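**Student:** My structure is below; once you've seen it, I'll send some questions.
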Amino acid sequence: MYNYTGSETRSEIANGLTYGPVKVNIDNGDVSSASDWFDICNLSSLPEGSYVAIFIDNSSATQASYDALVTKLTAKNITVITVDDFNQDWISPFIFNDLSGDLS
């Protein structure tokens with residue numbers, strides 16, 4: 001488990017622990033404009049019962065893409081952990097300080 005000391009840069013923390021960022025369509029809820037995040041991230045290779053964590057801003061700009069991802073992951077019995085807000089800091093919400101799973 002990674003223990004954040006407060007002196008690391010975000011890229012040092014994320015190195016090898018994240019996938020992205022990846023440019024995707026702004027679909028504004030339009031299914032015909034959605035990006036297939038499941039395919040982009042090769043999530044079909046995950047076994048059933050896995051966990052996927054995702055950060056998404058809550059502007060609804062990619063709602064159709066997000067909904068399609070959750071549908072595909074749920075169908076494969078994969079748990080989705082979603083953090084959403086307007087802050088573009090997509091690393092800090094996923095830093096764990098200890099084995100209990102408490103977010104820092």
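The way I read the labels, and the way they are meant: chains A, B, ... in the order of the structure tokens, residue 1 as the first residue of every chain, and ligand 1 as the first ligand shown, with later ones counted on from there.
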When you look at stretch 60-76 of chain A with a cut-off of 10 Å (counting only C-alpha atoms), what residues show up, excluding the ones that are within fewer than 6 positions of it in the same chain? I need them as a list in words.
**Tutor:**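 Those residues are Val24, Asn25, Ile26, Asp27, Asn28, Gly29, Asp30, Val31, Ser32, Ser33, Ala34, Ser35, Asp36, Trp37, Phe38, Asp39, Leu43, Ser44, Leu46, Pro47, Glu48, Gly49, Ser50, Tyr51, Val52, Ile54 and Thr82 of chain A.
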**Student:** If we count only C-alpha atoms, what is near A:Gln88 at a cut-off of 9 Å, once residues fewer than 4 positions away on the same chain are taken out, given as a PyMOL selection string?
**Tutor:** chain A and resi 55-57
**Student:** Taking only stretch 31-76 of chain A into account, list the residues labelled strand (DSSP E) by DSSP (computed from the backbone), as a list of chain:residue names.
**Tutor:**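 The strand (DSSP E) subset of stretch 31-76 of chain A is A:Tyr51, A:Val52, A:Ala53, A:Ile54, A:Phe55, A:Ile56.
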**Student:** Using N, CA and C atoms, can you export the residues from the last selection as a tab-separated table (two decimals), in the first residue's frame?
**Tutor:**
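Saved file part01.tsv follows:
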chain	number	residue	atom	x	y	z
A	51	TYR	N	-12.48	-4.42	-9.30
A	51	TYR	CA	-12.89	-3.06	-8.96
A	51	TYR	C	-12.26	-2.10	-9.95
A	52	VAL	N	-13.02	-1.09	-10.35
A	52	VAL	CA	-12.51	-0.03	-11.22
A	52	VAL	C	-12.85	1.29	-10.54
A	53	ALA	N	-11.83	2.15	-10.38
A	53	ALA	CA	-12.03	3.48	-9.80
A	53	ALA	C	-11.93	4.51	-10.92
A	54	ILE	N	-12.84	5.46	-10.89
A	54	ILE	CA	-12.86	6.47	-11.93
A	54	ILE	C	-13.13	7.84	-11.31
A	55	PHE	N	-12.45	8.84	-11.84
A	55	PHE	CA	-12.71	10.23	-11.47
A	55	PHE	C	-13.41	10.88	-12.65
A	56	ILE	N	-14.48	11.59	-12.38
A	56	ILE	CA	-15.19	12.28	-13.44
A	56	ILE	C	-15.71	13.60	-12.89
**Student:** Select from stretch 9-93 of chain A everything DSSP, run on the backbone, classes as alpha helix (DSSP H), then give the selection as a VMD selection string.
**Tutor:** chain A and resid 10 to 14 37 to 40 63 to 75
**Student:** With N, CA and C atoms kept, could you save the residues just selected as a short mmCIF file (atom, residue, chain, number, x, y, z; two decimals), in the first residue's frame?
**Tutor:**
data_model
loop_
_atom_site.label_atom_id
_atom_site.label_comp_id
_atom_site.auth_asym_id
_atom_site.auth_seq_id
_atom_site.Cartn_x
_atom_site.Cartn_y
_atom_site.Cartn_z
N ARG A 10 2.40 14.86 -7.90
CA ARG A 10 1.29 14.00 -8.33
C ARG A 10 1.76 12.94 -9.32
N SER A 11 2.69 13.27 -10.21
CA SER A 11 3.16 12.27 -11.17
C SER A 11 3.93 11.15 -10.48
N GLU A 12 4.64 11.45 -9.40
CA GLU A 12 5.32 10.40 -8.65
C GLU A 12 4.33 9.48 -7.97
N ILE A 13 3.25 10.03 -7.48
CA ILE A 13 2.23 9.22 -6.82
C ILE A 13 1.53 8.32 -7.83
N ALA A 14 1.21 8.85 -8.99
CA ALA A 14 0.42 8.12 -9.98
C ALA A 14 1.24 7.12 -10.78
N TRP A 37 -15.30 3.91 -23.20
CA TRP A 37 -14.22 3.85 -22.21
C TRP A 37 -13.86 2.41 -21.87
N PHE A 38 -14.82 1.53 -21.89
CA PHE A 38 -14.59 0.12 -21.60
C PHE A 38 -13.56 -0.44 -22.58
N ASP A 39 -13.72 -0.11 -23.85
CA ASP A 39 -12.79 -0.55 -24.89
C ASP A 39 -11.47 0.21 -24.83
N ILE A 40 -11.54 1.53 -24.66
CA ILE A 40 -10.33 2.36 -24.62
C ILE A 40 -9.35 1.86 -23.55
N GLN A 63 -21.67 12.26 -19.79
CA GLN A 63 -22.65 11.39 -19.12
C GLN A 63 -22.96 10.12 -19.90
N ALA A 64 -23.14 10.21 -21.21
CA ALA A 64 -23.46 9.02 -22.01
C ALA A 64 -22.31 8.02 -21.98
N SER A 65 -21.08 8.51 -22.05
CA SER A 65 -19.90 7.63 -22.00
C SER A 65 -19.80 6.95 -20.64
N TYR A 66 -20.02 7.72 -19.58
CA TYR A 66 -19.98 7.17 -18.23
C TYR A 66 -21.07 6.12 -18.03
N ASP A 67 -22.29 6.43 -18.44
CA ASP A 67 -23.39 5.48 -18.29
C ASP A 67 -23.11 4.17 -19.02
N ALA A 68 -22.56 4.26 -20.24
CA ALA A 68 -22.23 3.06 -21.00
C ALA A 68 -21.15 2.24 -20.29
N LEU A 69 -20.16 2.93 -19.71
CA LEU A 69 -19.10 2.23 -18.97
C LEU A 69 -19.68 1.48 -17.78
N VAL A 70 -20.49 2.16 -16.99
CA VAL A 70 -21.07 1.53 -15.80
C VAL A 70 -21.93 0.33 -16.19
N THR A 71 -22.69 0.45 -17.27
CA THR A 71 -23.52 -0.67 -17.74
C THR A 71 -22.67 -1.88 -18.09
N LYS A 72 -21.57 -1.66 -18.83
CA LYS A 72 -20.71 -2.78 -19.22
C LYS A 72 -19.99 -3.39 -18.02
N LEU A 73 -19.53 -2.55 -17.10
CA LEU A 73 -18.83 -3.07 -15.91
C LEU A 73 -19.79 -3.85 -15.02
N THR A 74 -20.98 -3.33 -14.83
CA THR A 74 -21.97 -4.00 -14.00
C THR A 74 -22.35 -5.36 -14.60
N ALA A 75 -22.48 -5.41 -15.92
CA ALA A 75 -22.81 -6.67 -16.59
C ALA A 75 -21.72 -7.73 -16.36
#
